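Worksheet for the structure shown next.
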Amino acid sequence: MPRDSAPTRKKILGAAVEEFSRWGFAGARIDRIADVAGVNKRMIYVYHGDKEGLFGDVLQEVIGALIAAVPVTEDDLPGYAGRMFDHLLSHPEALRLTLWRQLERPALGPASAEVYTAKVEAMNGGREQRAHPSGLPATDLLVLVQGMAVSWMISPADLLAADGSDPASAERLALHRAALVEAVRRVCAQPALR
């Protein structure tokens, strides 16, 4: 009877998520992944081909899970920003891996161009021009909303604590989340008629 490879693959992927999110592609070591997973290093190559294949599979897993857990809701961008913030707080490896991908291997990972194209078209409301009802180009608006959603996680700790609060406290995070959702609501609002 053939052995079930799923548990071994899961252990490898879990160890690889931890390794790549901490060290990026260049700094990650297959030996450490094998040690943490408790598998023979050869199995990593059997299941993933090479280090780049493993990194691509990690990106597919983590970024794919992010896309599935927090779909872009073009009719509720403030809610989307809040849900993105929540997901990244509870899954910090998703943001780290997304940043490592951009820095080291932007072509790897899930293909999301079609997803974004569909969302931008929906944000345009079927109009031919490339502007959201806010007056901002839909692509730019989505970039701004995503940037706002991650801003807390990528800002300097000294800035986050500048008001004397603990930036990791539940109260402070809730306050920031509310500010984020309100800021996105304002950015997305239709401009007043002049």
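Chain labels A, B, ... are given in the sequence in which chains occur in the structure tokens; within each chain residues are numbered consecutively from 1, and ligands are likewise numbered from 1 in the order shown.
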
(request) From segment 85-145 of chain A, collect each residue whose DSSP state is alpha helix (DSSP H) and return the set as a VMD selection string. (result) chain A and resid 85 to 90 92 to 104 113 to 123 138 to 145

Segment 114-120 of chain A: which residues within 10 Å, counting only C-alpha atoms, same-chain residues fewer than 5 positions away excluded, as a PDB file with all heavy atoms, in the first residue's frame?
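Output file out-v3.pdb follows:
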ATOM      1  N   ILE A  67      -6.165  35.822  -0.439  1.00  0.00           N
ATOM      2  CA  ILE A  67      -7.121  36.233  -1.472  1.00  0.00           C
ATOM      3  C   ILE A  67      -8.485  35.593  -1.226  1.00  0.00           C
ATOM      4  O   ILE A  67      -9.523  36.241  -1.363  1.00  0.00           O
ATOM      5  CB  ILE A  67      -6.577  35.902  -2.874  1.00  0.00           C
ATOM      6  CG1 ILE A  67      -5.373  36.792  -3.196  1.00  0.00           C
ATOM      7  CG2 ILE A  67      -7.664  36.059  -3.935  1.00  0.00           C
ATOM      8  CD1 ILE A  67      -4.597  36.359  -4.428  1.00  0.00           C
ATOM      9  N   PRO A  71     -11.609  38.570   0.062  1.00  0.00           N
ATOM     10  CA  PRO A  71     -11.816  38.986  -1.327  1.00  0.00           C
ATOM     11  C   PRO A  71     -12.068  40.491  -1.411  1.00  0.00           C
ATOM     12  O   PRO A  71     -12.640  41.082  -0.493  1.00  0.00           O
ATOM     13  CB  PRO A  71     -13.048  38.189  -1.760  1.00  0.00           C
ATOM     14  CG  PRO A  71     -13.750  37.843  -0.499  1.00  0.00           C
ATOM     15  CD  PRO A  71     -12.696  37.746   0.566  1.00  0.00           C
ATOM     16  N   VAL A  72     -11.619  41.083  -2.493  1.00  0.00           N
ATOM     17  CA  VAL A  72     -11.855  42.506  -2.713  1.00  0.00           C
ATOM     18  C   VAL A  72     -13.351  42.689  -2.944  1.00  0.00           C
ATOM     19  O   VAL A  72     -13.931  42.056  -3.820  1.00  0.00           O
ATOM     20  CB  VAL A  72     -11.071  43.033  -3.939  1.00  0.00           C
ATOM     21  CG1 VAL A  72     -11.381  44.498  -4.177  1.00  0.00           C
ATOM     22  CG2 VAL A  72      -9.585  42.822  -3.760  1.00  0.00           C
ATOM     23  N   THR A  73     -13.957  43.513  -2.126  1.00  0.00           N
ATOM     24  CA  THR A  73     -15.374  43.817  -2.289  1.00  0.00           C
ATOM     25  C   THR A  73     -15.472  45.241  -2.804  1.00  0.00           C
ATOM     26  O   THR A  73     -15.395  46.199  -2.047  1.00  0.00           O
ATOM     27  CB  THR A  73     -16.124  43.658  -0.950  1.00  0.00           C
ATOM     28  OG1 THR A  73     -15.400  44.355   0.071  1.00  0.00           O
ATOM     29  CG2 THR A  73     -16.260  42.202  -0.557  1.00  0.00           C
ATOM     30  N   GLU A  74     -15.621  45.348  -4.113  1.00  0.00           N
ATOM     31  CA  GLU A  74     -15.571  46.661  -4.754  1.00  0.00           C
ATOM     32  C   GLU A  74     -16.695  47.584  -4.297  1.00  0.00           C
ATOM     33  O   GLU A  74     -16.557  48.796  -4.354  1.00  0.00           O
ATOM     34  CB  GLU A  74     -15.562  46.525  -6.271  1.00  0.00           C
ATOM     35  CG  GLU A  74     -16.787  45.893  -6.873  1.00  0.00           C
ATOM     36  CD  GLU A  74     -16.784  44.366  -6.860  1.00  0.00           C
ATOM     37  OE1 GLU A  74     -15.763  43.743  -6.544  1.00  0.00           O
ATOM     38  OE2 GLU A  74     -17.845  43.803  -7.179  1.00  0.00           O
ATOM     39  N   ASP A  75     -17.792  47.020  -3.798  1.00  0.00           N
ATOM     40  CA  ASP A  75     -18.884  47.859  -3.323  1.00  0.00           C
ATOM     41  C   ASP A  75     -18.781  48.175  -1.831  1.00  0.00           C
ATOM     42  O   ASP A  75     -19.624  48.881  -1.275  1.00  0.00           O
ATOM     43  CB  ASP A  75     -20.237  47.219  -3.642  1.00  0.00           C
ATOM     44  CG  ASP A  75     -20.371  45.827  -3.037  1.00  0.00           C
ATOM     45  OD1 ASP A  75     -19.344  45.214  -2.695  1.00  0.00           O
ATOM     46  OD2 ASP A  75     -21.510  45.341  -2.922  1.00  0.00           O
ATOM     47  N   GLY A 125     -17.902  50.370 -12.432  1.00  0.00           N
ATOM     48  CA  GLY A 125     -19.341  50.301 -12.638  1.00  0.00           C
ATOM     49  C   GLY A 125     -19.729  50.115 -14.088  1.00  0.00           C
ATOM     50  O   GLY A 125     -20.798  50.564 -14.508  1.00  0.00           O
ATOM     51  N   GLY A 126     -18.878  49.484 -14.859  1.00  0.00           N
ATOM     52  CA  GLY A 126     -19.181  49.233 -16.254  1.00  0.00           C
ATOM     53  C   GLY A 126     -18.951  50.431 -17.168  1.00  0.00           C
ATOM     54  O   GLY A 126     -19.192  50.356 -18.357  1.00  0.00           O
ATOM     55  N   ARG A 130     -11.800  55.030 -16.793  1.00  0.00           N
ATOM     56  CA  ARG A 130     -11.140  54.287 -15.728  1.00  0.00           C
ATOM     57  C   ARG A 130     -11.194  55.054 -14.409  1.00  0.00           C
ATOM     58  O   ARG A 130     -10.192  55.265 -13.767  1.00  0.00           O
ATOM     59  CB  ARG A 130      -9.683  54.016 -16.108  1.00  0.00           C
ATOM     60  CG  ARG A 130      -9.534  53.045 -17.234  1.00  0.00           C
ATOM     61  CD  ARG A 130      -9.703  51.671 -16.672  1.00  0.00           C
ATOM     62  NE  ARG A 130      -9.306  50.671 -17.634  1.00  0.00           N
ATOM     63  CZ  ARG A 130      -9.707  49.427 -17.542  1.00  0.00           C
ATOM     64  NH1 ARG A 130     -10.494  49.043 -16.582  1.00  0.00           N
ATOM     65  NH2 ARG A 130      -9.314  48.546 -18.429  1.00  0.00           N
ATOM     66  N   ALA A 131     -12.396  55.477 -13.993  1.00  0.00           N
ATOM     67  CA  ALA A 131     -12.520  56.197 -12.732  1.00  0.00           C
ATOM     68  C   ALA A 131     -13.657  55.620 -11.910  1.00  0.00           C
ATOM     69  O   ALA A 131     -14.696  55.229 -12.432  1.00  0.00           O
ATOM     70  CB  ALA A 131     -12.754  57.685 -12.981  1.00  0.00           C
ATOM     71  N   HIS A 132     -13.444  55.556 -10.632  1.00  0.00           N
ATOM     72  CA  HIS A 132     -14.413  55.120  -9.643  1.00  0.00           C
ATOM     73  C   HIS A 132     -15.344  56.306  -9.365  1.00  0.00           C
ATOM     74  O   HIS A 132     -14.983  57.453  -9.644  1.00  0.00           O
ATOM     75  CB  HIS A 132     -13.604  54.724  -8.385  1.00  0.00           C
ATOM     76  CG  HIS A 132     -14.415  54.257  -7.247  1.00  0.00           C
ATOM     77  ND1 HIS A 132     -14.801  55.089  -6.233  1.00  0.00           N
ATOM     78  CD2 HIS A 132     -14.905  53.033  -6.944  1.00  0.00           C
ATOM     79  CE1 HIS A 132     -15.499  54.404  -5.345  1.00  0.00           C
ATOM     80  NE2 HIS A 132     -15.570  53.149  -5.746  1.00  0.00           N
ATOM     81  N   PRO A 137      -9.015  57.193 -10.231  1.00  0.00           N
ATOM     82  CA  PRO A 137      -8.895  56.011 -11.088  1.00  0.00           C
ATOM     83  C   PRO A 137      -9.010  54.746 -10.228  1.00  0.00           C
ATOM     84  O   PRO A 137      -8.428  54.671  -9.141  1.00  0.00           O
ATOM     85  CB  PRO A 137      -7.505  56.138 -11.705  1.00  0.00           C
ATOM     86  CG  PRO A 137      -7.180  57.604 -11.604  1.00  0.00           C
ATOM     87  CD  PRO A 137      -7.856  58.077 -10.345  1.00  0.00           C
ATOM     88  N   ALA A 138      -9.777  53.776 -10.699  1.00  0.00           N
ATOM     89  CA  ALA A 138     -10.058  52.582  -9.905  1.00  0.00           C
ATOM     90  C   ALA A 138      -8.800  51.840  -9.482  1.00  0.00           C
ATOM     91  O   ALA A 138      -8.691  51.395  -8.331  1.00  0.00           O
ATOM     92  CB  ALA A 138     -10.997  51.662 -10.676  1.00  0.00           C
ATOM     93  N   THR A 139      -7.834  51.718 -10.376  1.00  0.00           N
ATOM     94  CA  THR A 139      -6.596  51.024 -10.023  1.00  0.00           C
ATOM     95  C   THR A 139      -5.883  51.760  -8.903  1.00  0.00           C
ATOM     96  O   THR A 139      -5.440  51.146  -7.919  1.00  0.00           O
ATOM     97  CB  THR A 139      -5.671  50.899 -11.247  1.00  0.00           C
ATOM     98  OG1 THR A 139      -6.343  50.137 -12.247  1.00  0.00           O
ATOM     99  CG2 THR A 139      -4.357  50.227 -10.893  1.00  0.00           C
ATOM    100  N   ASP A 140      -5.785  53.069  -9.017  1.00  0.00           N
ATOM    101  CA  ASP A 140      -5.120  53.859  -7.984  1.00  0.00           C
ATOM    102  C   ASP A 140      -5.856  53.751  -6.653  1.00  0.00           C
ATOM    103  O   ASP A 140      -5.230  53.662  -5.588  1.00  0.00           O
ATOM    104  CB  ASP A 140      -5.015  55.324  -8.417  1.00  0.00           C
ATOM    105  CG  ASP A 140      -4.156  55.466  -9.649  1.00  0.00           C
ATOM    106  OD1 ASP A 140      -4.704  55.342 -10.758  1.00  0.00           O
ATOM    107  OD2 ASP A 140      -2.942  55.662  -9.502  1.00  0.00           O
ATOM    108  N   LEU A 141      -7.172  53.760  -6.705  1.00  0.00           N
ATOM    109  CA  LEU A 141      -7.969  53.655  -5.482  1.00  0.00           C
ATOM    110  C   LEU A 141      -7.710  52.323  -4.793  1.00  0.00           C
ATOM    111  O   LEU A 141      -7.506  52.272  -3.578  1.00  0.00           O
ATOM    112  CB  LEU A 141      -9.451  53.818  -5.804  1.00  0.00           C
ATOM    113  CG  LEU A 141     -10.396  53.732  -4.617  1.00  0.00           C
ATOM    114  CD1 LEU A 141     -10.068  54.783  -3.568  1.00  0.00           C
ATOM    115  CD2 LEU A 141     -11.838  53.877  -5.096  1.00  0.00           C
ATOM    116  N   LEU A 142      -7.683  51.234  -5.544  1.00  0.00           N
ATOM    117  CA  LEU A 142      -7.429  49.919  -4.952  1.00  0.00           C
ATOM    118  C   LEU A 142      -6.020  49.853  -4.366  1.00  0.00           C
ATOM    119  O   LEU A 142      -5.826  49.313  -3.274  1.00  0.00           O
ATOM    120  CB  LEU A 142      -7.647  48.820  -5.987  1.00  0.00           C
ATOM    121  CG  LEU A 142      -7.670  47.393  -5.474  1.00  0.00           C
ATOM    122  CD1 LEU A 142      -8.637  47.219  -4.315  1.00  0.00           C
ATOM    123  CD2 LEU A 142      -8.030  46.442  -6.603  1.00  0.00           C
TER     124      LEU A 142
END

Give me, as CSV, the closest atom pair and its distance (Å, one decimal) for every residue of segment 138-176 of chain A within a cut-off of 9 Å of segment 86-93 of chain A, counting only C-alpha atoms, rows sorted by chain and rising number.
residue,atom,partner,partner_atom,distance
A:Ala149,CA,A:Leu88,CA,8.8
A:Val150,CA,A:Leu88,CA,7.7
A:Met153,CA,A:Leu89,CA,8.0

(request) Find the spatial neighbours of segment 78-80 of chain A, counting only C-alpha atoms, within a cut-off of 10 Å - ignore same-chain residues fewer than 2 positions away - and output them as a list in words. (result)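 Here the qualifying residues turn out to be Val70, Pro71, Val72, Thr73, Glu74, Asp75, Asp76, Gly82, Arg83, Met84, Phe85, Asp86, Val145, Gln146, Ala149, Ala178, Leu180, Val181, Glu182, Ala183, Val184, Arg185, Arg186, Val187 and Cys188 of chain A.
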
(request) Extract, using only C-alpha atoms, all DNA, RNA and protein residues at most 12 Å from Tyr47 of chain A, discarding same-chain residues fewer than 2 positions from it, and format them as an MDAnalysis selection string. (result) chainID A and resid 5:6 8:13 39:45 49:51 53:54 57

(message) If I take atom CA of Gln102 of chain A and atom CA of Ala157 of chain A, how far is one from the other in Å, to one decimal?
(response)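 Computed distance, atom CA of Gln102 of chain A to atom CA of Ala157 of chain A, equals 22.5 Å.
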